[in-house]
file upload_2.cif (mmCIF, C-alpha atoms)
data_final
#
loop_
_atom_site.label_atom_id
_atom_site.label_comp_id
_atom_site.auth_asym_id
_atom_site.auth_seq_id
_atom_site.Cartn_x
_atom_site.Cartn_y
_atom_site.Cartn_z
CA MET D 139 2.98 -34.00 -32.59
CA ILE D 140 3.86 -33.52 -28.89
CA ALA D 141 0.77 -32.74 -26.80
CA GLU D 142 0.62 -29.20 -25.47
CA ASN D 143 0.11 -30.35 -21.90
CA SER D 144 3.53 -32.00 -21.98
CA SER D 145 5.48 -29.45 -24.04
CA VAL D 146 4.39 -25.95 -22.97
CA LEU D 147 4.93 -24.27 -19.62
CA HIS D 148 1.56 -22.62 -18.96
CA SER D 149 1.08 -19.55 -16.78
CA TRP D 150 -0.93 -19.31 -13.56
CA CYS D 151 -1.44 -23.04 -13.06
CA ILE D 152 0.01 -26.28 -11.77
CA GLN D 153 1.44 -27.85 -14.90
CA SER D 154 0.22 -31.37 -14.13
CA ASP D 155 -3.33 -30.03 -13.77
CA TRP D 156 -3.44 -28.19 -17.12
CA ASN D 157 -5.81 -29.84 -19.57
CA ALA D 158 -7.70 -27.50 -21.86
CA PRO D 159 -9.36 -27.74 -25.27
CA THR D 160 -7.46 -26.39 -28.26
CA ILE D 161 -9.11 -23.24 -29.56
CA VAL D 162 -9.08 -23.00 -33.35
CA GLY D 163 -11.16 -19.92 -34.17
CA GLY D 164 -13.32 -17.07 -33.03
CA GLU D 165 -15.55 -14.25 -34.18
CA GLY D 166 -17.01 -11.37 -32.21
CA ALA D 167 -17.87 -12.47 -28.68
CA ARG D 168 -17.49 -16.18 -29.46
CA PHE D 169 -14.66 -18.65 -29.91
CA TRP D 170 -14.62 -22.39 -30.61
CA ASP D 171 -12.46 -25.44 -30.06
CA GLU D 172 -11.30 -28.19 -32.39
CA SER D 173 -14.23 -30.41 -31.43
CA GLY D 174 -16.64 -27.76 -32.69
CA ARG D 175 -17.90 -26.57 -29.32
CA THR D 176 -18.57 -22.79 -29.23
CA TYR D 177 -18.18 -20.61 -26.16
CA LEU D 178 -19.67 -17.18 -25.47
CA ASP D 179 -16.81 -15.15 -24.01
CA MET D 180 -17.84 -13.31 -20.82
CA SER D 181 -14.32 -12.36 -19.78
CA SER D 182 -12.68 -11.22 -23.04
CA LEU D 183 -10.37 -14.14 -22.22
CA ALA D 184 -7.85 -12.22 -20.07
CA GLU D 185 -10.00 -9.05 -19.98
CA CYS D 186 -8.13 -7.97 -23.09
CA MET D 187 -10.19 -8.78 -26.21
CA ASN D 188 -12.28 -5.61 -25.99
CA LEU D 189 -12.88 -5.71 -29.75
CA GLY D 190 -13.82 -9.36 -29.78
CA HIS D 191 -12.17 -12.19 -31.63
CA GLN D 192 -10.71 -11.72 -35.10
CA HIS D 193 -11.93 -8.18 -35.66
CA PRO D 194 -11.87 -7.72 -39.47
CA ARG D 195 -10.44 -4.20 -39.32
CA LEU D 196 -7.46 -5.30 -37.27
CA ILE D 197 -6.82 -8.36 -39.39
CA ARG D 198 -6.69 -6.14 -42.51
CA ALA D 199 -4.40 -3.61 -40.85
CA ILE D 200 -1.99 -6.32 -39.73
CA GLN D 201 -1.94 -7.88 -43.20
CA GLU D 202 -1.35 -4.55 -44.93
CA GLN D 203 1.43 -3.53 -42.54
CA ALA D 204 3.08 -6.95 -42.88
CA GLN D 205 3.20 -6.52 -46.62
CA THR D 206 4.82 -3.09 -46.25
CA LEU D 207 7.16 -3.17 -43.25
CA CYS D 208 7.16 -5.70 -40.41
CA PHE D 209 9.92 -4.21 -38.31
CA VAL D 210 12.28 -1.32 -37.84
CA ASN D 211 13.75 -0.44 -34.46
CA SER D 212 13.32 2.86 -32.62
CA SER D 213 16.52 4.28 -34.11
CA TRP D 214 14.38 4.79 -37.21
CA GLY D 215 10.96 6.29 -37.69
CA ALA D 216 7.82 4.30 -38.48
CA LYS D 217 4.58 5.80 -39.76
CA SER D 218 2.32 3.52 -37.72
CA ARG D 219 4.27 4.32 -34.54
CA ALA D 220 3.93 8.06 -35.03
CA ALA D 221 0.26 7.73 -35.98
CA LEU D 222 -0.58 5.71 -32.88
CA ALA D 223 1.30 8.08 -30.56
CA GLU D 224 -0.59 11.04 -32.02
CA ARG D 225 -3.96 9.33 -31.49
CA LEU D 226 -3.17 8.32 -27.93
CA LEU D 227 -2.09 11.82 -26.96
CA ASP D 228 -5.26 13.19 -28.51
CA LEU D 229 -7.59 10.69 -26.80
CA SER D 230 -5.98 11.25 -23.42
CA GLY D 231 -5.78 15.01 -23.75
CA PHE D 232 -2.05 14.85 -22.91
CA GLU D 233 -1.20 17.57 -25.39
CA GLY D 234 2.54 18.10 -25.64
CA GLY D 235 3.25 14.82 -23.89
CA ARG D 236 5.03 11.76 -25.20
CA VAL D 237 4.37 8.04 -25.63
CA PHE D 238 6.80 5.21 -24.92
CA PHE D 239 5.79 1.88 -26.44
CA THR D 240 6.39 -1.42 -24.66
CA LEU D 241 5.48 -5.06 -25.24
CA GLY D 242 2.78 -5.32 -22.61
CA GLY D 243 1.44 -4.12 -19.28
CA ALA D 244 4.17 -5.27 -16.90
CA ASP D 245 6.98 -3.54 -18.77
CA ALA D 246 4.77 -0.48 -19.24
CA ASN D 247 4.44 -0.21 -15.46
CA GLU D 248 8.16 -0.76 -14.94
CA HIS D 249 8.98 1.97 -17.44
CA ALA D 250 6.42 4.36 -15.96
CA VAL D 251 8.21 4.09 -12.62
CA LYS D 252 11.59 4.55 -14.33
CA PHE D 253 10.33 7.73 -15.97
CA ALA D 254 8.77 9.01 -12.74
CA ARG D 255 12.04 8.48 -10.90
CA GLN D 256 14.12 10.16 -13.60
CA ALA D 257 11.74 13.10 -14.10
CA SER D 258 11.40 13.71 -10.35
CA GLY D 259 15.14 13.52 -9.76
CA ARG D 260 14.55 10.74 -7.24
CA PRO D 261 16.38 7.74 -8.75
CA GLN D 262 15.79 5.68 -5.59
CA GLY D 263 12.33 7.11 -5.03
CA LYS D 264 9.82 4.86 -3.32
CA VAL D 265 6.61 3.69 -4.98
CA VAL D 266 3.29 3.65 -3.15
CA THR D 267 1.06 0.76 -4.19
CA ARG D 268 -1.87 -1.00 -2.60
CA ASP D 269 -2.81 -4.42 -1.40
CA ARG D 270 -5.17 -6.41 -3.68
CA SER D 271 -3.68 -4.86 -6.83
CA TYR D 272 -1.90 -6.27 -9.86
CA HIS D 273 0.73 -4.60 -12.04
CA GLY D 274 2.46 -7.53 -13.74
CA ALA D 275 4.62 -10.61 -13.17
CA SER D 276 8.12 -9.26 -13.80
CA TYR D 277 10.15 -8.94 -10.59
CA ALA D 278 9.59 -5.24 -9.94
CA ALA D 279 5.94 -5.36 -11.01
CA MET D 280 5.43 -8.37 -8.73
CA ALA D 281 6.87 -6.42 -5.83
CA TRP D 282 4.62 -3.45 -6.55
CA SER D 283 1.56 -5.66 -6.92
CA GLY D 284 -0.43 -6.54 -3.83
CA ASP D 285 -1.50 -9.79 -5.41
CA SER D 286 -1.59 -13.11 -3.55
CA ARG D 287 -0.09 -14.90 -6.56
CA THR D 288 2.97 -12.70 -6.78
CA ARG D 289 3.54 -11.42 -3.25
CA SER D 290 7.08 -12.04 -2.17
CA HIS D 291 9.49 -10.78 0.43
CA ASN D 292 11.36 -8.48 -1.93
CA GLU D 293 9.26 -5.35 -1.41
CA GLU D 294 12.06 -3.52 0.36
CA ALA D 295 14.43 -4.18 -2.54
CA TYR D 296 12.01 -2.49 -4.91
CA ASP D 297 11.22 0.44 -2.58
CA VAL D 298 7.55 -0.39 -2.07
CA LEU D 299 5.31 1.46 0.36
CA ARG D 300 2.22 -0.74 0.76
CA VAL D 301 -1.21 0.65 1.69
CA PRO D 302 -4.63 -1.00 2.10
CA PRO D 303 -7.13 -0.91 -0.79
CA PRO D 304 -10.28 1.25 -0.95
CA TYR D 305 -12.33 -1.96 -0.62
CA ALA D 306 -15.58 -0.45 0.58
CA TYR D 307 -17.45 -3.77 0.93
CA ARG D 308 -14.82 -4.93 3.44
CA CYS D 309 -13.38 -1.55 4.38
CA PRO D 310 -10.06 -1.92 6.24
CA TYR D 311 -10.98 1.16 8.28
CA GLY D 312 -14.38 -0.13 9.41
CA THR D 313 -16.21 2.85 7.95
CA ALA D 314 -19.96 3.28 7.60
CA SER D 315 -20.07 4.41 3.97
CA ASP D 316 -18.24 3.95 0.68
CA ALA D 317 -17.31 7.64 0.54
CA GLU D 318 -15.86 7.59 4.05
CA CYS D 319 -13.81 4.48 3.23
CA ALA D 320 -12.30 6.29 0.24
CA GLU D 321 -11.56 9.41 2.28
CA ARG D 322 -9.81 7.39 4.97
CA ASN D 323 -7.81 5.52 2.35
CA VAL D 324 -6.66 8.72 0.63
CA ALA D 325 -5.69 10.18 4.00
CA HIS D 326 -3.75 7.01 4.82
CA ILE D 327 -1.83 7.25 1.55
CA GLY D 328 -0.99 10.86 2.35
CA ALA D 329 0.22 9.86 5.80
CA VAL D 330 2.43 7.09 4.39
CA ILE D 331 4.00 9.54 1.94
CA GLY D 332 4.47 12.07 4.72
CA GLN D 333 6.12 9.52 6.98
CA ALA D 334 8.56 8.48 4.24
CA GLY D 335 9.10 12.09 3.21
CA ALA D 336 7.61 13.28 -0.07
CA ASP D 337 11.13 13.99 -1.37
CA HIS D 338 11.83 10.26 -1.10
CA VAL D 339 8.72 9.11 -2.97
CA ALA D 340 8.76 8.99 -6.78
CA ALA D 341 5.21 7.90 -7.54
CA VAL D 342 1.91 6.41 -6.51
CA LEU D 343 1.02 3.52 -8.83
CA MET D 344 -2.61 2.41 -8.77
CA GLU D 345 -5.48 1.05 -10.87
CA PRO D 346 -8.23 3.67 -11.31
CA ASN D 347 -11.00 1.07 -11.67
CA ALA D 348 -11.07 -2.44 -13.11
CA GLY D 349 -8.80 -5.17 -11.85
CA THR D 350 -8.95 -8.92 -11.43
CA ASN D 351 -8.58 -8.53 -7.67
CA GLY D 352 -12.14 -7.26 -7.67
CA ILE D 353 -11.48 -3.90 -6.02
CA ILE D 354 -13.55 -1.09 -7.50
CA ALA D 355 -12.94 2.10 -5.57
CA PRO D 356 -15.77 4.44 -4.53
CA ASP D 357 -16.36 7.37 -6.88
CA ASN D 358 -14.57 9.90 -4.68
CA PHE D 359 -11.36 7.87 -4.32
CA TRP D 360 -9.51 8.68 -7.54
CA PRO D 361 -10.07 12.47 -7.58
CA GLY D 362 -9.18 12.53 -3.87
CA LEU D 363 -5.98 10.63 -4.58
CA ARG D 364 -5.16 12.96 -7.45
CA ALA D 365 -5.56 16.00 -5.19
CA GLN D 366 -3.46 14.37 -2.47
CA THR D 367 -0.55 13.44 -4.73
CA ARG D 368 -0.58 16.85 -6.38
CA ARG D 369 -0.49 18.55 -2.96
CA LEU D 370 2.48 16.42 -1.91
CA GLY D 371 4.35 16.81 -5.21
CA VAL D 372 4.36 13.09 -6.03
CA TYR D 373 3.60 11.74 -9.50
CA LEU D 374 0.43 9.69 -9.93
CA ILE D 375 0.62 6.75 -12.35
CA ALA D 376 -2.71 5.32 -13.52
CA ASP D 377 -2.43 1.64 -14.41
CA GLU D 378 -5.05 1.52 -17.18
CA VAL D 379 -3.86 -1.80 -18.60
CA MET D 380 -7.20 -3.44 -17.88
CA SER D 381 -9.50 -0.45 -17.35
CA GLY D 382 -8.66 1.40 -20.58
CA PHE D 383 -10.29 1.43 -24.00
CA GLY D 384 -13.94 1.37 -23.02
CA ARG D 385 -13.82 -1.33 -20.37
CA CYS D 386 -15.10 1.17 -17.80
CA GLY D 387 -17.21 3.29 -20.13
CA GLU D 388 -14.53 5.83 -21.05
CA TRP D 389 -11.43 5.71 -23.20
CA PHE D 390 -9.53 5.67 -19.91
CA ALA D 391 -11.17 5.09 -16.54
CA TRP D 392 -9.79 8.26 -14.93
CA GLN D 393 -11.71 10.34 -17.49
CA ALA D 394 -14.93 9.63 -15.57
CA HIS D 395 -13.65 12.31 -13.17
CA GLY D 396 -12.60 14.83 -15.80
CA ASP D 397 -9.47 16.89 -15.17
CA ALA D 398 -9.86 16.20 -11.45
CA GLY D 399 -8.72 12.66 -12.18
CA ARG D 400 -5.96 13.36 -14.71
CA PRO D 401 -2.77 11.43 -13.78
CA ASP D 402 0.80 12.41 -14.54
CA LEU D 403 1.48 9.15 -16.38
CA MET D 404 -0.65 6.23 -17.43
CA THR D 405 0.07 2.73 -18.65
CA LEU D 406 -1.80 0.81 -21.33
CA ALA D 407 -1.90 -2.64 -22.96
CA LYS D 408 -4.69 -5.23 -23.46
CA GLY D 409 -7.40 -3.16 -25.21
CA LEU D 410 -4.76 -1.08 -26.99
CA THR D 411 -4.81 -3.64 -29.79
CA GLY D 412 -7.71 -5.70 -28.46
CA ALA D 413 -5.05 -8.39 -27.85
CA HIS D 414 -4.65 -9.05 -31.57
CA ILE D 415 -0.91 -8.32 -31.21
CA PRO D 416 1.06 -7.71 -27.97
CA LEU D 417 1.60 -3.99 -27.31
CA GLY D 418 1.84 -1.73 -24.29
CA ALA D 419 2.45 1.97 -23.78
CA VAL D 420 3.28 4.64 -21.24
CA ILE D 421 1.76 8.06 -21.81
CA LEU D 422 3.54 10.94 -20.12
CA ALA D 423 1.94 14.34 -19.52
CA GLN D 424 3.77 17.34 -20.94
CA HIS D 425 5.22 18.45 -17.61
CA VAL D 426 6.73 14.99 -17.05
CA ALA D 427 7.97 14.54 -20.62
CA ALA D 428 9.63 17.96 -20.49
CA LYS D 429 11.90 16.76 -17.67
CA LEU D 430 13.22 14.01 -19.95
CA GLU D 431 13.62 16.10 -23.07
CA HIS D 432 17.31 16.94 -22.73
CA THR D 433 18.64 13.99 -20.73
CA MET D 434 19.68 10.51 -21.83
CA LEU D 435 16.87 7.98 -21.63
CA ASN D 436 18.78 4.89 -20.55
CA THR D 437 16.18 2.27 -21.32
CA GLY D 438 14.74 0.47 -24.29
CA LEU D 439 13.35 -2.74 -25.73
CA THR D 440 14.20 -4.29 -29.08
CA TYR D 441 10.56 -4.38 -30.10
CA CYS D 442 9.29 -1.15 -28.52
CA GLY D 443 7.15 0.68 -31.05
CA HIS D 444 7.00 -2.38 -33.31
CA PRO D 445 5.41 -1.15 -36.59
CA LEU D 446 3.16 -4.21 -36.95
CA ALA D 447 1.79 -3.85 -33.42
CA CYS D 448 1.35 -0.08 -33.78
CA ALA D 449 -0.61 -0.57 -37.02
CA ALA D 450 -2.95 -2.83 -35.06
CA GLY D 451 -3.28 -0.12 -32.42
CA VAL D 452 -4.21 2.52 -35.00
CA ALA D 453 -6.86 0.19 -36.44
CA ALA D 454 -8.17 -0.61 -32.97
CA ILE D 455 -8.73 3.05 -32.14
CA ALA D 456 -10.56 3.54 -35.45
CA ALA D 457 -12.77 0.55 -34.66
CA TYR D 458 -13.62 1.87 -31.18
CA GLN D 459 -14.52 5.24 -32.69
CA ASP D 460 -16.42 4.16 -35.81
CA GLU D 461 -18.41 1.47 -34.01
CA LYS D 462 -19.05 3.78 -31.02
CA LEU D 463 -17.89 1.02 -28.70
CA ILE D 464 -16.98 3.29 -25.78
CA GLU D 465 -20.54 4.59 -25.64
CA ARG D 466 -21.88 1.09 -26.23
CA SER D 467 -19.90 -0.25 -23.29
CA ARG D 468 -21.43 2.41 -21.07
CA VAL D 469 -24.98 1.53 -22.11
CA LEU D 470 -24.60 -2.24 -21.99
CA GLY D 471 -22.62 -2.00 -18.76
CA GLY D 472 -25.51 -0.20 -17.10
CA ALA D 473 -27.94 -2.85 -18.31
CA MET D 474 -25.63 -5.63 -17.10
CA LEU D 475 -25.38 -4.03 -13.67
CA GLN D 476 -29.19 -3.89 -13.38
CA ARG D 477 -29.43 -7.59 -14.21
CA LEU D 478 -26.76 -8.43 -11.63
CA ARG D 479 -28.55 -6.43 -8.95
CA ALA D 480 -31.76 -8.29 -9.76
CA MET D 481 -29.83 -11.55 -9.32
CA GLN D 482 -28.54 -10.25 -5.99
CA GLU D 483 -32.12 -9.81 -4.83
CA ARG D 484 -32.92 -13.36 -5.85
CA HIS D 485 -29.79 -15.24 -4.77
CA ALA D 486 -28.54 -14.87 -1.19
CA VAL D 487 -25.11 -16.12 -2.24
CA ILE D 488 -24.40 -12.76 -3.93
CA GLY D 489 -23.10 -10.48 -1.22
CA ASP D 490 -22.07 -7.52 -3.34
CA VAL D 491 -22.31 -6.28 -6.91
CA ARG D 492 -20.04 -3.47 -8.07
CA GLY D 493 -18.84 -1.85 -11.28
CA GLY D 494 -21.09 -1.20 -14.23
CA ARG D 495 -19.63 2.06 -15.55
CA GLY D 496 -18.87 -0.01 -18.63
CA LEU D 497 -18.81 -3.70 -19.47
CA PHE D 498 -17.03 -4.62 -16.29
CA ALA D 499 -18.63 -5.81 -13.07
CA ILE D 500 -17.91 -7.99 -10.06
CA ALA D 501 -20.30 -10.30 -8.25
CA GLU D 502 -18.82 -11.24 -4.88
CA LEU D 503 -20.23 -14.44 -3.39
CA VAL D 504 -20.60 -15.09 0.34
CA LYS D 505 -21.69 -17.78 2.76
CA ASN D 506 -23.71 -15.31 4.77
CA ARG D 507 -24.89 -11.98 3.44
CA ASP D 508 -25.35 -10.48 6.91
CA THR D 509 -21.86 -11.31 8.16
CA ARG D 510 -20.29 -11.06 4.69
CA GLU D 511 -18.38 -14.27 5.36
CA PRO D 512 -16.73 -15.26 2.06
CA LEU D 513 -17.24 -18.67 0.49
CA ALA D 514 -13.55 -19.38 1.12
CA PRO D 515 -10.61 -17.32 2.42
CA TRP D 516 -9.15 -15.11 -0.32
CA PRO D 517 -7.89 -16.14 -2.82
CA SER D 518 -8.91 -19.79 -2.43
CA LEU D 519 -11.40 -21.04 -4.99
CA HIS D 520 -14.41 -22.68 -3.39
CA PRO D 521 -15.29 -26.01 -5.11
CA SER D 522 -18.70 -24.61 -5.97
CA MET D 523 -17.07 -21.87 -8.06
CA ALA D 524 -15.23 -24.50 -10.08
CA ARG D 525 -18.51 -26.36 -10.60
CA PHE D 526 -20.15 -23.11 -11.72
CA VAL D 527 -17.45 -22.56 -14.38
CA THR D 528 -17.65 -26.15 -15.63
CA ALA D 529 -21.45 -26.11 -15.84
CA ALA D 530 -21.42 -22.78 -17.69
CA ARG D 531 -18.93 -24.09 -20.26
CA GLU D 532 -21.12 -27.10 -20.84
CA ARG D 533 -23.89 -24.62 -21.70
CA GLY D 534 -21.58 -22.72 -24.03
CA VAL D 535 -20.65 -19.76 -21.82
CA SER D 536 -17.13 -19.00 -20.55
CA PHE D 537 -17.00 -17.09 -17.24
CA ALA D 538 -13.92 -15.93 -15.34
CA VAL D 539 -13.80 -16.45 -11.58
CA ARG D 540 -11.22 -15.78 -8.92
CA GLY D 541 -11.56 -16.51 -5.24
CA ASN D 542 -15.11 -15.50 -4.34
CA LEU D 543 -15.55 -13.33 -7.41
CA ILE D 544 -17.33 -13.77 -10.72
CA ILE D 545 -15.61 -11.30 -13.04
CA LEU D 546 -17.76 -10.06 -15.93
CA ALA D 547 -15.88 -8.36 -18.75
CA PRO D 548 -17.27 -9.40 -22.15
CA PRO D 549 -16.04 -7.95 -25.45
CA LEU D 550 -17.52 -4.54 -26.19
CA VAL D 551 -18.90 -5.96 -29.44
CA ILE D 552 -21.08 -8.54 -27.67
CA GLY D 553 -24.64 -8.62 -29.00
CA GLU D 554 -27.42 -7.61 -26.64
CA ASN D 555 -29.04 -11.02 -27.10
CA GLU D 556 -25.70 -12.73 -26.40
CA LEU D 557 -25.26 -10.75 -23.21
CA GLU D 558 -28.80 -11.61 -22.13
CA ARG D 559 -28.20 -15.29 -22.82
CA ALA D 560 -24.98 -15.31 -20.77
CA LEU D 561 -26.65 -13.54 -17.85
CA ASP D 562 -29.60 -15.93 -18.05
CA THR D 563 -27.13 -18.81 -17.78
CA MET D 564 -25.45 -17.19 -14.79
CA ASN D 565 -28.80 -16.59 -13.10
CA ALA D 566 -29.88 -20.20 -13.62
CA LEU D 567 -26.61 -21.63 -12.33
CA LEU D 568 -26.62 -19.43 -9.24
CA GLY D 569 -29.85 -21.20 -8.33
CA GLU D 570 -28.72 -24.68 -9.35
CA VAL D 571 -25.22 -24.93 -7.88
CA ASP D 572 -24.92 -26.07 -4.26
CA TRP D 573 -22.95 -23.22 -2.65
CA THR D 574 -22.57 -24.98 0.69
#

call {"tool": "encode", "arguments": {"input": "upload_2.cif", "output": "C-alpha cells"}}
result
Amino acid sequence: MIAENSSVLHSWCIQSDWNAPTIVGGEGARFWDESGRTYLDMSSLAECMNLGHQHPRLIRAIQEQAQTLCFVNSSWGAKSRAALAERLLDLSGFEGGRVFFTLGGADANEHAVKFARQASGRPQGKVVTRDRSYHGASYAAMAWSGDSRTRSHNEEAYDVLRVPPPYAYRCPYGTASDAECAERNVAHIGAVIGQAGADHVAAVLMEPNAGTNGIIAPDNFWPGLRAQTRRLGVYLIADEVMSGFGRCGEWFAWQAHGDAGRPDLMTLAKGLTGAHIPLGAVILAQHVAAKLEHTMLNTGLTYCGHPLACAAGVAAIAAYQDEKLIERSRVLGGAMLQRLRAMQERHAVIGDVRGGRGLFAIAELVKNRDTREPLAPWPSLHPSMARFVTAARERGVSFAVRGNLIILAPPLVIGENELERALDTMNALLGEVDWT
C-alpha cells in the first residue's frame, strides 16, 4: 500500500512536511490512531464536529437513507431535502424563505453572493468583506476572505471592498473601548459603501462571531452593522459556517441579538451535519427569495441537496434538540471562559481571552502584556506554540493553534470532566513551555 504522505495532496501544509498518525476511530469528544493512542478533541478537528465523533443517531440516519435512496438530483424531489429545508427555515425564523443546498461552506458563500447580486439587480455589485476573515478557498471566496493564507491580488476582479476588522484587542482605530471600536468599524463600513455608491454594492459578507482568524467582534458590532446595511439598502450575508449550530451558544450566532441581528441571507456548513457528511446551505429571507421566484436561477451543483447528506442534517438537528446541546454549549462555554480568565491571571503570556458565548474561545498569547507585542508577527507560528501542541498530544489532548492564538472549540457533547482535564493540561503547559 502506498503511504499517504507520498500519495495524497494534503491541504494547508507543505507536502514534504506532512507526517501524521492514521486515525482509525472515534467516539464523542475522543478519537484514536492505529497505534492505539487516544486524543481528547479540543478543536472539533476543523471546528466542525459539533456533535462529536461517530454520533449514533447520524450513523443510523445515514445507513437508513443509504438503504432507501442514495441520490436523486434537484430535478426531482427528495423527502430528506424537503424535511431539512423546513427545519432550517423554522430554526432561523426565516418564514417564507428558501434554502439552497451546497457541498460545503465555500460554495455556500459563493452562491449567497450570486443570489444577493441577482435579487438586488446588481449583477456586478461589489462585496464588502473584512480583513482577518475567512470564507473559503475557491477563487472568489479566497478573494473575499481577508486571510493571510489565501490573500491574492485578484480582489478587484471579484469586486471586493476591503475593510478592517472589529478587532478590539488591537483596534485599527486606536479606540479606548470595545464598544467604540465596533462603532468606528460600522461607521467605516458605511463610509466605504457610500464612497462606492450603495447602488453598486450587492452585499456585506461577514462572520457574526467565531472564526479561525480569532476575531470576535464586540457585542454592539453585529446589530450596528445590521442597522447600517438596512439603512443603505445593501444585503447582509452572515457567514455562519463555523459559528452556527451551537458553537456560539445559539442555533446561529446572530440570534444572540434577536431580530436586531437578523441577516438577509446566511450560509451554513460544518455543524449542519456535524461533519459526518459534507453539506452546506444558503438560507434566504422571504424578501430576498421573493425576488428570485419568477426568474431563472442560473446556477447549480450535481450534488446540491444530496438526499444522503440531507438525511444526516435532519438527524443532526434532532440530536441538537433532544440532547439540548445548544443550551449545553452556552453553559459549558461560560465555565470554559471562567477557567481561561483564571489562567490569564496566572500566566503573563496570555494577553487576551475572548469568546465564551458557547464552546468557542480564543486565548491570544503575547511577549509582553503591557505592550501587547505578539509572540510572532501574524500569522507566523512561534516555535513555542508548536511545542505546546506536541506536548499536549503526548498527554492525549489535541489543541488547535494559529499564529498567536489557541483556538478552543470542543464538541458540544464533551463531558464536563473531559473539558476540565483538557483545560488542566492547557494550564499546566502554559507554565511549563518556554515562551521566550

call {"tool": "closest_residue", "arguments": {"input": "upload_2.cif", "among": "D:Gly274, D:Gly328, D:Gly494, D:Gly284", "to": "Ala365 in chain D", "atoms": "only C-alpha atoms"}}
result
D:Gly328

call {"tool": "residues_around", "arguments": {"input": "upload_2.cif", "residues": "Tyr272 in chain D", "least_positions_apart": "6", "cutoff": "12 Å", "atoms": "only C-alpha atoms", "output": "PDB file with C-alpha atoms, in the coordinates of the input"}}
result
ATOM      1  CA  GLY D 243       1.440  -4.120 -19.280  1.00  0.00           C
ATOM      2  CA  ALA D 244       4.170  -5.270 -16.900  1.00  0.00           C
ATOM      3  CA  ASN D 247       4.440  -0.210 -15.460  1.00  0.00           C
ATOM      4  CA  ALA D 278       9.590  -5.240  -9.940  1.00  0.00           C
ATOM      5  CA  ALA D 279       5.940  -5.360 -11.010  1.00  0.00           C
ATOM      6  CA  MET D 280       5.430  -8.370  -8.730  1.00  0.00           C
ATOM      7  CA  ALA D 281       6.870  -6.420  -5.830  1.00  0.00           C
ATOM      8  CA  TRP D 282       4.620  -3.450  -6.550  1.00  0.00           C
ATOM      9  CA  SER D 283       1.560  -5.660  -6.920  1.00  0.00           C
ATOM     10  CA  GLY D 284      -0.430  -6.540  -3.830  1.00  0.00           C
ATOM     11  CA  ASP D 285      -1.500  -9.790  -5.410  1.00  0.00           C
ATOM     12  CA  SER D 286      -1.590 -13.110  -3.550  1.00  0.00           C
ATOM     13  CA  ARG D 287      -0.090 -14.900  -6.560  1.00  0.00           C
ATOM     14  CA  THR D 288       2.970 -12.700  -6.780  1.00  0.00           C
ATOM     15  CA  ARG D 289       3.540 -11.420  -3.250  1.00  0.00           C
ATOM     16  CA  PRO D 303      -7.130  -0.910  -0.790  1.00  0.00           C
ATOM     17  CA  LEU D 343       1.020   3.520  -8.830  1.00  0.00           C
ATOM     18  CA  MET D 344      -2.610   2.410  -8.770  1.00  0.00           C
ATOM     19  CA  GLU D 345      -5.480   1.050 -10.870  1.00  0.00           C
ATOM     20  CA  PRO D 346      -8.230   3.670 -11.310  1.00  0.00           C
ATOM     21  CA  ASN D 347     -11.000   1.070 -11.670  1.00  0.00           C
ATOM     22  CA  ALA D 348     -11.070  -2.440 -13.110  1.00  0.00           C
ATOM     23  CA  GLY D 349      -8.800  -5.170 -11.850  1.00  0.00           C
ATOM     24  CA  THR D 350      -8.950  -8.920 -11.430  1.00  0.00           C
ATOM     25  CA  ASN D 351      -8.580  -8.530  -7.670  1.00  0.00           C
ATOM     26  CA  GLY D 352     -12.140  -7.260  -7.670  1.00  0.00           C
ATOM     27  CA  ILE D 353     -11.480  -3.900  -6.020  1.00  0.00           C
ATOM     28  CA  ASP D 377      -2.430   1.640 -14.410  1.00  0.00           C
ATOM     29  CA  GLU D 378      -5.050   1.520 -17.180  1.00  0.00           C
ATOM     30  CA  VAL D 379      -3.860  -1.800 -18.600  1.00  0.00           C
ATOM     31  CA  MET D 380      -7.200  -3.440 -17.880  1.00  0.00           C
TER      32      MET D 380
END

call {"tool": "residues_around", "arguments": {"input": "upload_2.cif", "residues": "range 156-167 of chain D", "least_positions_apart": "6", "cutoff": "7 Å", "atoms": "only C-alpha atoms", "output": "number ranges by chain"}}
result
D: 143, 178-179, 190-193, 549, 551-552

call {"tool": "atom_distance", "arguments": {"input": "upload_2.cif", "atom1": "CA of Pro401 in chain D", "atom2": "CA of Leu196 in chain D"}}
result
29.2 Å

call {"tool": "closest_residue", "arguments": {"input": "upload_2.cif", "among": "D:Ala480, D:Ala275, D:Leu147, D:Ala450", "to": "Cys208 in chain D", "atoms": "only C-alpha atoms"}}
result
D:Ala450

call {"tool": "resolve_selection", "arguments": {"input": "upload_2.cif", "expression": "the PyMOL selection byres ((chain D and resi 341) around 6)", "output": "list in words"}}
result
Val265, Val339, Ala340, Val342, Val372, Tyr373 and Leu374 of chain D

call {"tool": "resolve_selection", "arguments": {"input": "upload_2.cif", "expression": "the PyMOL selection byres ((chain D and resi 230) around 10)", "output": "list in words"}}
result
Arg225, Leu226, Leu227, Asp228, Leu229, Gly231, Phe232, Glu233, Gly235, Trp389, Phe390, Trp392, Gln393, Arg400, Met404, Ile421 and Ala423 of chain D

call {"tool": "atom_distance", "arguments": {"input": "upload_2.cif", "atom1": "CA of Phe209 in chain D", "atom2": "CA of Tyr441 in chain D"}}
result
8.2 Å

call {"tool": "closest_residue", "arguments": {"input": "upload_2.cif", "among": "D:Arg260, D:Thr528, D:Gly312, D:Glu554", "to": "Val469 in chain D", "atoms": "all atoms listed in the file"}}
result
D:Glu554

call {"tool": "resolve_selection", "arguments": {"input": "upload_2.cif", "expression": "the PyMOL selection byres ((chain D and resi 204) around 12)", "output": "ChimeraX atom specification"}}
result
/D:197-203,205-210,218,444-450

call {"tool": "atom_distance", "arguments": {"input": "upload_2.cif", "atom1": "CA of Pro416 in chain D", "atom2": "CA of Ala223 in chain D"}}
result
16.0 Å

call {"tool": "closest_residue", "arguments": {"input": "upload_2.cif", "among": "D:His249, D:Lys462, D:His338, D:Arg479", "to": "Ile500 in chain D", "atoms": "only C-alpha atoms"}}
result
D:Arg479

call {"tool": "closest_residue", "arguments": {"input": "upload_2.cif", "among": "D:Ser154, D:Ser467, D:Ser522, D:Thr367", "to": "Val487 in chain D", "atoms": "all atoms listed in the file"}}
result
D:Ser522

call {"tool": "closest_residue", "arguments": {"input": "upload_2.cif", "among": "D:Gly332, D:Gly396, D:Gly489, D:Pro261", "to": "Arg369 in chain D", "atoms": "all atoms listed in the file"}}
result
D:Gly332
